[in-house]
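Engineer: One file: data.pdb (PDB, C-alpha atoms and all ligand atoms).
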```
ATOM      1  CA  MET F   1       4.151  26.279   1.191
ATOM      2  CA  ALA F   2       5.352  28.170   4.228
ATOM      3  CA  LYS F   3       4.457  31.885   4.387
ATOM      4  CA  ASP F   4       6.125  34.656   6.342
ATOM      5  CA  ILE F   5       3.519  35.880   8.785
ATOM      6  CA  GLU F   6       3.904  38.203  11.768
ATOM      7  CA  GLY F   7       7.624  37.403  11.883
ATOM      8  CA  PHE F   8       7.069  33.627  11.823
ATOM      9  CA  LYS F   9       7.120  30.923   9.184
ATOM     10  CA  PHE F  10       3.608  29.561   8.838
ATOM     11  CA  ASP F  11       2.372  26.479   7.015
ATOM     12  CA  GLN F  12      -1.133  25.067   7.087
ATOM     13  CA  ARG F  13      -3.388  22.496   5.482
ATOM     14  CA  HIS F  14      -6.774  21.048   6.307
ATOM     15  CA  GLY F  15      -8.896  18.145   5.246
ATOM     16  CA  LYS F  16     -11.061  15.200   6.236
ATOM     17  CA  GLU F  17      -9.724  11.801   7.244
ATOM     18  CA  ARG F  18     -11.296   8.370   7.148
ATOM     19  CA  VAL F  19     -14.355   9.113   5.045
ATOM     20  CA  ARG F  20     -15.871   5.705   4.410
ATOM     21  CA  VAL F  21     -17.924   5.015   1.326
ATOM     22  CA  ALA F  22     -19.169   1.874  -0.402
ATOM     23  CA  ARG F  23     -20.406   2.001  -3.999
ATOM     24  CA  VAL F  24     -22.451  -0.705  -5.716
ATOM     25  CA  TRP F  25     -22.937  -1.019  -9.483
ATOM     26  CA  LYS F  26     -25.628  -3.270 -10.912
ATOM     27  CA  ASN F  27     -25.881  -4.608 -14.447
ATOM     28  CA  GLN F  28     -29.040  -5.616 -16.330
ATOM     29  CA  HIS F  29     -28.377  -9.308 -15.779
ATOM     30  CA  GLY F  30     -28.466  -9.117 -11.964
ATOM     31  CA  GLY F  31     -24.677  -8.984 -11.488
ATOM     32  CA  HIS F  32     -23.390  -6.604  -8.812
ATOM     33  CA  LEU F  33     -19.998  -4.995  -8.195
ATOM     34  CA  ILE F  34     -18.945  -3.353  -4.948
ATOM     35  CA  VAL F  35     -16.026  -1.301  -3.701
ATOM     36  CA  GLU F  36     -15.489  -0.025  -0.170
ATOM     37  CA  TRP F  37     -13.101   2.874   0.222
ATOM     38  CA  ARG F  38     -11.627   4.850   3.099
ATOM     39  CA  VAL F  39     -10.815   8.291   1.773
ATOM     40  CA  GLY F  40      -8.539  10.961   3.203
ATOM     41  CA  ILE F  41      -8.507  14.469   1.752
ATOM     42  CA  THR F  42      -5.989  17.218   2.435
ATOM     43  CA  LEU F  43      -6.241  20.625   0.816
ATOM     44  CA  LEU F  44      -3.472  23.164   0.514
ATOM     45  CA  SER F  45      -5.426  26.355   0.137
ATOM     46  CA  ASP F  46      -5.188  30.042   0.665
ATOM     47  CA  CYS F  47      -7.283  30.405   3.816
ATOM     48  CA  VAL F  48      -4.699  32.062   6.048
ATOM     49  CA  ASP F  49      -7.215  34.659   7.228
ATOM     50  CA  SER F  50      -9.079  31.967   9.124
ATOM     51  CA  TYR F  51      -5.965  31.483  11.273
ATOM     52  CA  LEU F  52      -5.116  35.154  11.667
ATOM     53  CA  ARG F  53      -8.568  36.642  12.237
ATOM     54  CA  ASP F  54     -12.161  35.486  12.450
ATOM     55  CA  ASP F  55     -12.633  35.242   8.720
ATOM     56  CA  ASN F  56     -13.634  31.824   7.378
ATOM     57  CA  SER F  57     -14.647  33.100   3.963
ATOM     58  CA  ASP F  58     -11.890  31.127   2.190
ATOM     59  CA  ILE F  59     -12.406  27.811   3.966
ATOM     60  CA  VAL F  60     -13.720  24.767   2.133
ATOM     61  CA  ALA F  61     -15.547  23.102   5.037
ATOM     62  CA  THR F  62     -14.266  19.619   5.792
ATOM     63  CA  ASP F  63     -17.917  18.584   5.942
ATOM     64  CA  THR F  64     -18.241  19.677   2.315
ATOM     65  CA  MET F  65     -15.197  17.567   1.452
ATOM     66  CA  LYS F  66     -16.911  14.579   3.032
ATOM     67  CA  ASN F  67     -20.128  15.190   1.107
ATOM     68  CA  THR F  68     -18.139  15.514  -2.115
ATOM     69  CA  VAL F  69     -16.879  11.945  -1.682
ATOM     70  CA  TYR F  70     -20.464  10.654  -1.677
ATOM     71  CA  ALA F  71     -21.601  12.963  -4.477
ATOM     72  CA  LYS F  72     -18.706  11.935  -6.729
ATOM     73  CA  ALA F  73     -19.206   8.252  -5.881
ATOM     74  CA  LYS F  74     -22.830   8.657  -6.962
ATOM     75  CA  GLU F  75     -21.767  10.349 -10.209
ATOM     76  CA  CYS F  76     -19.449   7.485 -11.165
ATOM     77  CA  SER F  77     -21.718   5.371 -13.337
ATOM     78  CA  GLU F  78     -19.045   2.733 -13.994
ATOM     79  CA  ILE F  79     -16.663   0.944 -11.658
ATOM     80  CA  LEU F  80     -13.275   2.660 -11.474
ATOM     81  CA  SER F  81      -9.913   2.115  -9.808
ATOM     82  CA  VAL F  82      -9.000   3.688  -6.452
ATOM     83  CA  GLU F  83      -6.361   5.651  -8.364
ATOM     84  CA  ASP F  84      -8.900   7.086 -10.788
ATOM     85  CA  PHE F  85     -11.286   7.996  -7.960
ATOM     86  CA  ALA F  86      -8.467   9.694  -6.035
ATOM     87  CA  ILE F  87      -7.500  11.656  -9.159
ATOM     88  CA  LEU F  88     -11.123  12.572  -9.899
ATOM     89  CA  LEU F  89     -11.624  13.948  -6.373
ATOM     90  CA  ALA F  90      -8.309  15.797  -6.289
ATOM     91  CA  LYS F  91      -9.016  17.295  -9.694
ATOM     92  CA  HIS F  92     -12.412  18.465  -8.477
ATOM     93  CA  PHE F  93     -11.016  20.283  -5.442
ATOM     94  CA  THR F  94      -8.242  22.017  -7.378
ATOM     95  CA  SER F  95     -10.455  23.087 -10.272
ATOM     96  CA  PHE F  96     -13.671  23.950  -8.367
ATOM     97  CA  TYR F  97     -12.184  26.217  -5.671
ATOM     98  CA  LYS F  98      -9.985  29.163  -6.564
ATOM     99  CA  GLN F  99      -8.462  28.998  -3.061
ATOM    100  CA  VAL F 100      -7.184  25.428  -3.458
ATOM    101  CA  THR F 101      -3.709  25.097  -4.957
ATOM    102  CA  THR F 102      -3.065  21.415  -4.197
ATOM    103  CA  ALA F 103      -5.276  18.483  -3.255
ATOM    104  CA  ILE F 104      -3.907  15.308  -1.730
ATOM    105  CA  VAL F 105      -6.321  12.391  -1.788
ATOM    106  CA  ASN F 106      -5.471   9.007  -0.388
ATOM    107  CA  ILE F 107      -7.705   5.953  -0.507
ATOM    108  CA  ALA F 108      -7.498   2.479   0.959
ATOM    109  CA  GLU F 109      -9.748  -0.141  -0.596
ATOM    110  CA  LYS F 110     -11.212  -2.876   1.554
ATOM    111  CA  PRO F 111     -10.575  -6.206  -0.195
ATOM    112  CA  TRP F 112     -14.099  -7.453  -0.869
ATOM    113  CA  GLU F 113     -13.870 -10.448  -3.200
ATOM    114  CA  ARG F 114     -16.664 -12.172  -5.046
ATOM    115  CA  VAL F 115     -17.484 -15.598  -3.586
ATOM    116  CA  ASN F 116     -17.853 -18.796  -5.550
ATOM    117  CA  VAL F 117     -20.736 -21.050  -4.656
ATOM    118  CA  ASP F 118     -20.584 -24.573  -6.085
ATOM    119  CA  GLY F 119     -17.765 -23.415  -8.341
ATOM    120  CA  GLN F 120     -19.811 -20.524  -9.735
ATOM    121  CA  PRO F 121     -19.157 -16.817  -9.148
ATOM    122  CA  HIS F 122     -21.964 -15.439  -6.997
ATOM    123  CA  GLU F 123     -23.941 -12.522  -8.436
ATOM    124  CA  HIS F 124     -23.954 -10.420  -5.314
ATOM    125  CA  GLY F 125     -22.044 -12.319  -2.611
ATOM    126  CA  PHE F 126     -18.627 -11.108  -1.410
ATOM    127  CA  LYS F 127     -16.157 -12.054   1.308
ATOM    128  CA  LEU F 128     -13.324 -10.097   2.819
ATOM    129  CA  GLY F 129      -9.834 -10.879   1.548
ATOM    130  CA  SER F 130      -6.650  -9.807   3.276
ATOM    131  CA  GLU F 131      -4.318  -7.292   1.670
ATOM    132  CA  LYS F 132      -5.407  -3.743   0.843
ATOM    133  CA  HIS F 133      -4.915  -1.681  -2.300
ATOM    134  CA  THR F 134      -3.995   1.921  -1.532
ATOM    135  CA  ALA F 135      -3.530   4.998  -3.710
ATOM    136  CA  GLU F 136      -2.556   8.614  -3.262
ATOM    137  CA  ALA F 137      -3.016  11.358  -5.834
ATOM    138  CA  VAL F 138      -1.448  14.780  -5.370
ATOM    139  CA  VAL F 139      -2.896  17.198  -7.893
ATOM    140  CA  GLN F 140      -1.900  20.835  -8.449
ATOM    141  CA  LYS F 141      -4.114  23.455 -10.007
ATOM    142  CA  SER F 142      -1.801  23.377 -13.042
ATOM    143  CA  GLY F 143      -2.692  19.711 -13.649
ATOM    144  CA  ALA F 144       0.647  18.442 -12.308
ATOM    145  CA  LEU F 145       0.197  15.025 -10.740
ATOM    146  CA  GLN F 146       1.999  12.643  -8.420
ATOM    147  CA  LEU F 147       0.437   9.211  -8.285
ATOM    148  CA  THR F 148       1.438   6.545  -5.792
ATOM    149  CA  SER F 149      -0.158   3.153  -5.310
ATOM    150  CA  GLY F 150       0.466   0.527  -2.718
ATOM    151  CA  ILE F 151      -0.268  -2.745  -1.015
ATOM    152  CA  GLU F 152      -0.736  -3.092   2.709
ATOM    153  CA  GLY F 153      -0.821  -6.298   4.684
ATOM    154  CA  LEU F 154       0.368  -8.794   2.078
ATOM    155  CA  SER F 155       1.283 -11.732   4.339
ATOM    156  CA  LEU F 156       3.714 -14.157   2.713
ATOM    157  CA  LEU F 157       5.402 -17.193   4.215
ATOM    158  CA  LYS F 158       7.595 -20.026   3.026
ATOM    159  CA  THR F 159       8.539 -23.006   5.137
ATOM    160  CA  THR F 160      12.001 -23.566   3.651
ATOM    161  CA  GLN F 161      14.493 -22.161   1.126
ATOM    162  CA  SER F 162      15.516 -19.433   3.540
ATOM    163  CA  GLY F 163      18.609 -18.965   5.655
ATOM    164  CA  PHE F 164      20.752 -16.346   7.328
ATOM    165  CA  GLU F 165      24.524 -16.746   7.602
ATOM    166  CA  GLY F 166      27.694 -14.734   7.708
ATOM    167  CA  PHE F 167      26.384 -11.807   9.756
ATOM    168  CA  ILE F 168      28.459  -9.990  12.392
ATOM    169  CA  ARG F 169      29.195 -12.129  15.445
ATOM    170  CA  ASP F 170      30.200 -10.532  18.704
ATOM    171  CA  LYS F 171      29.811 -11.078  22.432
ATOM    172  CA  TYR F 172      26.074 -10.316  22.225
ATOM    173  CA  THR F 173      25.329 -12.609  19.290
ATOM    174  CA  ALA F 174      23.341 -15.734  20.075
ATOM    175  CA  LEU F 175      21.580 -16.388  16.755
ATOM    176  CA  PRO F 176      22.896 -19.545  15.108
ATOM    177  CA  GLU F 177      23.733 -19.467  11.410
ATOM    178  CA  THR F 178      21.266 -21.430   9.358
ATOM    179  CA  ARG F 179      20.422 -22.439   5.804
ATOM    180  CA  GLU F 180      17.055 -23.791   6.865
ATOM    181  CA  ARG F 181      14.382 -21.601   8.410
ATOM    182  CA  MET F 182      10.880 -20.294   7.989
ATOM    183  CA  LEU F 183      10.542 -16.950   6.205
ATOM    184  CA  ALA F 184       7.438 -14.923   6.978
ATOM    185  CA  THR F 185       6.643 -11.298   6.318
ATOM    186  CA  GLU F 186       3.841  -8.804   5.826
ATOM    187  CA  VAL F 187       4.742  -6.713   2.825
ATOM    188  CA  THR F 188       3.889  -3.034   2.632
ATOM    189  CA  ALA F 189       4.687  -1.682  -0.816
ATOM    190  CA  LEU F 190       4.397   1.838  -2.220
ATOM    191  CA  TRP F 191       5.192   2.583  -5.837
ATOM    192  CA  ARG F 192       5.185   5.830  -7.708
ATOM    193  CA  TYR F 193       3.969   6.016 -11.294
ATOM    194  CA  SER F 194       5.862   8.131 -13.787
ATOM    195  CA  TYR F 195       2.755  10.022 -14.979
ATOM    196  CA  GLU F 196       3.293  13.628 -14.020
ATOM    197  CA  SER F 197       0.252  15.290 -15.462
ATOM    198  CA  LEU F 198      -3.492  14.720 -15.391
ATOM    199  CA  TYR F 199      -3.338  14.700 -19.166
ATOM    200  CA  SER F 200      -0.867  11.825 -19.494
ATOM    201  CA  ILE F 201      -2.549   9.118 -17.421
ATOM    202  CA  PRO F 202      -3.757   6.002 -19.260
ATOM    203  CA  GLN F 203      -7.459   6.196 -20.072
ATOM    204  CA  LYS F 204      -8.035   2.439 -20.235
ATOM    205  CA  PRO F 205     -10.714   1.524 -17.670
ATOM    206  CA  LEU F 206      -9.283  -0.174 -14.567
ATOM    207  CA  TYR F 207      -5.724   0.276 -15.894
ATOM    208  CA  PHE F 208      -4.400   0.882 -12.355
ATOM    209  CA  THR F 209      -6.429  -1.964 -10.846
ATOM    210  CA  ASP F 210      -4.849  -4.349 -13.349
ATOM    211  CA  LYS F 211      -1.399  -2.889 -12.576
ATOM    212  CA  TYR F 212      -1.980  -3.395  -8.850
ATOM    213  CA  LEU F 213      -2.804  -7.062  -9.413
ATOM    214  CA  GLU F 214       0.237  -7.502 -11.663
ATOM    215  CA  VAL F 215       2.614  -5.813  -9.178
ATOM    216  CA  LYS F 216       1.238  -7.983  -6.390
ATOM    217  CA  LYS F 217       1.894 -11.058  -8.522
ATOM    218  CA  VAL F 218       5.466 -10.018  -9.383
ATOM    219  CA  LEU F 219       6.205  -9.351  -5.693
ATOM    220  CA  ALA F 220       4.774 -12.686  -4.550
ATOM    221  CA  ASP F 221       6.259 -14.715  -7.425
ATOM    222  CA  THR F 222       9.703 -13.259  -6.731
ATOM    223  CA  PHE F 223       9.362 -14.000  -3.022
ATOM    224  CA  PHE F 224       8.372 -17.637  -3.607
ATOM    225  CA  GLY F 225      10.309 -18.621  -6.737
ATOM    226  CA  PRO F 226       9.115 -21.493  -8.972
ATOM    227  CA  PRO F 227       6.362 -23.760  -7.602
ATOM    228  CA  VAL F 228       8.723 -26.708  -7.517
ATOM    229  CA  GLY F 229      11.933 -26.021  -5.629
ATOM    230  CA  GLY F 230      11.267 -22.338  -4.956
ATOM    231  CA  VAL F 231      14.258 -20.019  -4.674
ATOM    232  CA  TYR F 232      16.784 -19.725  -1.855
ATOM    233  CA  SER F 233      16.668 -16.528   0.209
ATOM    234  CA  PRO F 234      19.952 -15.701   1.985
ATOM    235  CA  SER F 235      18.296 -12.785   3.832
ATOM    236  CA  VAL F 236      15.117 -10.720   3.868
ATOM    237  CA  GLN F 237      17.291  -7.896   2.523
ATOM    238  CA  ARG F 238      18.267  -9.877  -0.599
ATOM    239  CA  THR F 239      14.725 -11.042  -1.273
ATOM    240  CA  LEU F 240      13.347  -7.524  -0.789
ATOM    241  CA  TYR F 241      15.857  -6.137  -3.289
ATOM    242  CA  GLN F 242      14.965  -8.796  -5.842
ATOM    243  CA  MET F 243      11.263  -8.031  -5.406
ATOM    244  CA  ALA F 244      11.835  -4.296  -5.900
ATOM    245  CA  LYS F 245      14.087  -4.842  -8.916
ATOM    246  CA  ALA F 246      11.667  -7.281 -10.546
ATOM    247  CA  THR F 247       8.927  -4.658 -10.231
ATOM    248  CA  LEU F 248      10.965  -1.867 -11.855
ATOM    249  CA  ASN F 249      12.211  -4.218 -14.582
ATOM    250  CA  ARG F 250       8.706  -5.365 -15.389
ATOM    251  CA  PHE F 251       6.759  -2.075 -15.315
ATOM    252  CA  PRO F 252       8.254   0.800 -17.309
ATOM    253  CA  ASP F 253       5.696   3.282 -15.963
ATOM    254  CA  ILE F 254       6.713   2.691 -12.337
ATOM    255  CA  ALA F 255       9.440   5.164 -11.369
ATOM    256  CA  SER F 256      10.216   3.956  -7.865
ATOM    257  CA  ILE F 257       9.134   1.458  -5.257
ATOM    258  CA  GLN F 258       9.469   1.311  -1.512
ATOM    259  CA  LEU F 259       9.134  -2.013   0.315
ATOM    260  CA  LYS F 260       8.774  -2.681   4.017
ATOM    261  CA  MET F 261       9.198  -6.305   4.968
ATOM    262  CA  PRO F 262       9.177  -7.153   8.662
ATOM    263  CA  ASN F 263      10.930 -10.420   9.450
ATOM    264  CA  ILE F 264       8.198 -12.216  11.389
ATOM    265  CA  HIS F 265       9.913 -14.824  13.486
ATOM    266  CA  PHE F 266       8.793 -18.421  13.871
ATOM    267  CA  LEU F 267      10.877 -19.715  16.763
ATOM    268  CA  PRO F 268      12.103 -23.325  16.875
ATOM    269  CA  VAL F 269      10.429 -25.222  19.723
ATOM    270  CA  ASN F 270      12.723 -27.197  22.012
ATOM    271  CA  ILE F 271      11.294 -28.262  25.363
ATOM    272  CA  SER F 272      12.978 -30.333  28.005
ATOM    273  CA  ASN F 273      12.596 -31.102  31.681
ATOM    274  CA  LYS F 274      14.988 -32.643  34.168
ATOM    275  CA  ASP F 275      14.279 -36.106  32.765
ATOM    276  CA  GLY F 276      15.188 -35.153  29.232
ATOM    277  CA  GLN F 277      13.826 -33.684  26.031
ATOM    278  CA  ILE F 278      10.060 -33.456  25.467
ATOM    279  CA  VAL F 279      10.179 -31.740  22.084
ATOM    280  CA  LYS F 280      13.296 -31.671  19.916
ATOM    281  CA  PHE F 281      13.071 -29.205  17.045
ATOM    282  CA  ASP F 282      13.478 -30.842  13.651
ATOM    283  CA  ASP F 283      12.218 -28.022  11.373
ATOM    284  CA  ASP F 284       8.711 -29.024  12.292
ATOM    285  CA  VAL F 285       7.235 -27.415  15.434
ATOM    286  CA  TYR F 286       7.486 -23.621  15.722
ATOM    287  CA  LEU F 287       6.322 -20.903  18.071
ATOM    288  CA  PRO F 288       4.786 -18.210  15.825
ATOM    289  CA  THR F 289       5.350 -14.663  17.123
ATOM    290  CA  ASP F 290       4.392 -11.194  16.051
ATOM    291  CA  GLU F 291       6.715  -9.208  18.282
ATOM    292  CA  PRO F 292       9.470  -8.363  18.381
ATOM    293  CA  HIS F 293      10.026  -8.557  14.648
ATOM    294  CA  GLY F 294      12.867  -7.588  12.368
ATOM    295  CA  SER F 295      12.248  -4.457  10.351
ATOM    296  CA  ILE F 296      13.719  -4.307   6.880
ATOM    297  CA  GLN F 297      12.865  -1.621   4.348
ATOM    298  CA  ALA F 298      14.351  -0.110   1.237
ATOM    299  CA  SER F 299      13.383   1.901  -1.799
ATOM    300  CA  LEU F 300      14.586   1.583  -5.353
ATOM    301  CA  SER F 301      14.198   4.354  -7.922
ATOM    302  CA  ARG F 302      15.108   4.860 -11.512
ATOM    303  CA  TYR F 303      17.788   7.493 -12.015
ATOM    304  CA  TRP F 304      15.452   9.774 -13.903
ATOM    305  CA  SER F 305      12.775   9.467 -11.247
ATOM    306  CA  LYS F 306      12.002  12.566  -9.201
ATOM    307  CA  LEU F 307      11.682  10.586  -5.968
TER     308      LEU F 307
HETATM  309  O1  LIG L 401      17.042 -12.008   6.862
HETATM  310  C1  LIG L 401      17.448 -11.542   7.954
HETATM  311  N1  LIG L 401      17.970 -10.296   7.981
HETATM  312  C2  LIG L 401      18.434  -9.732   9.140
HETATM  313  O2  LIG L 401      18.915  -8.581   9.149
HETATM  314  C3  LIG L 401      18.324 -10.505  10.309
HETATM  315  N2  LIG L 401      18.663 -10.283  11.596
HETATM  316  C4  LIG L 401      18.323 -11.405  12.298
HETATM  317  O3  LIG L 401      18.486 -11.539  13.544
HETATM  318  N3  LIG L 401      17.774 -12.330  11.478
HETATM  319  C5  LIG L 401      17.774 -11.804  10.231
HETATM  320  N4  LIG L 401      17.332 -12.295   9.048
END
```
Could you spell out this file's structure in structure tokens?
Structural biologist:
Amino acid sequence: MAKDIEGFKFDQRHGKERVRVARVWKNQHGGHLIVEWRVGITLLSDCVDSYLRDDNSDIVATDTMKNTVYAKAKECSEILSVEDFAILLAKHFTSFYKQVTTAIVNIAEKPWERVNVDGQPHEHGFKLGSEKHTAEAVVQKSGALQLTSGIEGLSLLKTTQSGFEGFIRDKYTALPETRERMLATEVTALWRYSYESLYSIPQKPLYFTDKYLEVKKVLADTFFGPPVGGVYSPSVQRTLYQMAKATLNRFPDIASIQLKMPNIHFLPVNISNKDGQIVKFDDDVYLPTDEPHGSIQASLSRYWSKL
């Protein structure tokens, strides 16, 4: 909230970024669970005097914020979702300090996955997966909540059932029309839950972890289509829209979703020299690239959503 100060508009916030914590839980039978989180905390608090004069008496030290992450991780005796940990931290800052009006906590979870050895889940062995689960909780002193979850780095590719035709052609257009191409992307998704108060969030353990896995499945299943035959994509735009719509249709407690889907190009390889063709592209040999890439993004919200 901007304040009028000395004839200016003034707005401030402070926090700690990239606090890394790993938490292990052990059961009586030797089974271990682990999460690794990168936590960012931002506090909106009444500590204007620290900017205007040498008075730090209303500052929550960012070092204290960092310590709180470890203390709260220690206190959590059971595994919990990134969303629930973000809410727990944000709730702490807004209720513990009279100066703090709003706490914004974002967390990215590193995708440690249990390994299988000889077809059996390992008790305490994990390997790194690829895409990340993210969450952001914005909590007000009143208990008002905004909860957003996301996926980062979900790489998806299909080798056919994609094309791009009918686009604008002008004197700068070289791209041929096609009904046969590779489609590759790295999905970044952000979705907002409709829970608007600390008192209305589902209490079921790992509710939001399960939701994350289900959203990821709906996004991927919509991208790929059925295992036999797949589904034709006439553009990244169309596929993105179908993925967003499938998510809102499937999950009543998701109010809006934003998707970013770069079009990662796999270029047809054709090589020739003066004696003739060395490689003739036949939908088989590609040059994978990462830049430049197309950039396609959209968000879809329910009408009653506040986003
Ligand atoms: O699916 C696509 N959408 C585009 O907007 C675009 N632009 C382009 O060159 N290729 C593609 N493919």
Engineer: Using the chain letters and numbers from this file, what does the PyMOL selection byres (((chain F and resi 124) around 9) and not hetatm) select? Give the answer as a ChimeraX atom specification.
Structural biologist: /F:30-34,114-115,121-123,125-126
Engineer: Selected by the PyMOL selection byres (((chain F and resi 98-103) around 9) and not hetatm) in the shown coordinates: which residues, as a ChimeraX atom specification?
Structural biologist: /F:41-47,58-60,89-97,104-105,137-142
Engineer: Taking the file as shown, what set of residues would the PyMOL selection byres (((chain F and resi 14-27) around 8) and not hetatm) give back, as a PyMOL selection string?
Structural biologist: chain F and resi 12-13+28-44+62-63+65-66+69-70+73-74+77-79
Engineer: 10 Å from ligand LIG 401 (chain L) is the threshold here; counting all atoms listed in the file, which polymer residues fall inside it? Answer as number ranges by chain.
Structural biologist: F: 162-165, 167-168, 173-178, 181, 183, 233-240, 261-265, 293-296
Engineer: Do a neighbour search on segment 205-209 of chain F at 7 Å with all atoms listed in the file, toss out local chain neighbours closer than 6 positions, and write the hits as a list in words.
Structural biologist: Leu80, Ser81 and Glu83 of chain F
Engineer: Output C-alpha atoms of each residue in that selection to a file, as a PDB file, keeping the file's coordinate frame.
Structural biologist:
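Final file, again-v1.pdb:
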```pdb
ATOM      1  CA  LEU F  80     -13.275   2.660 -11.474  1.00  0.00           C
ATOM      2  CA  SER F  81      -9.913   2.115  -9.808  1.00  0.00           C
ATOM      3  CA  GLU F  83      -6.361   5.651  -8.364  1.00  0.00           C
TER       4      GLU F  83
END
```
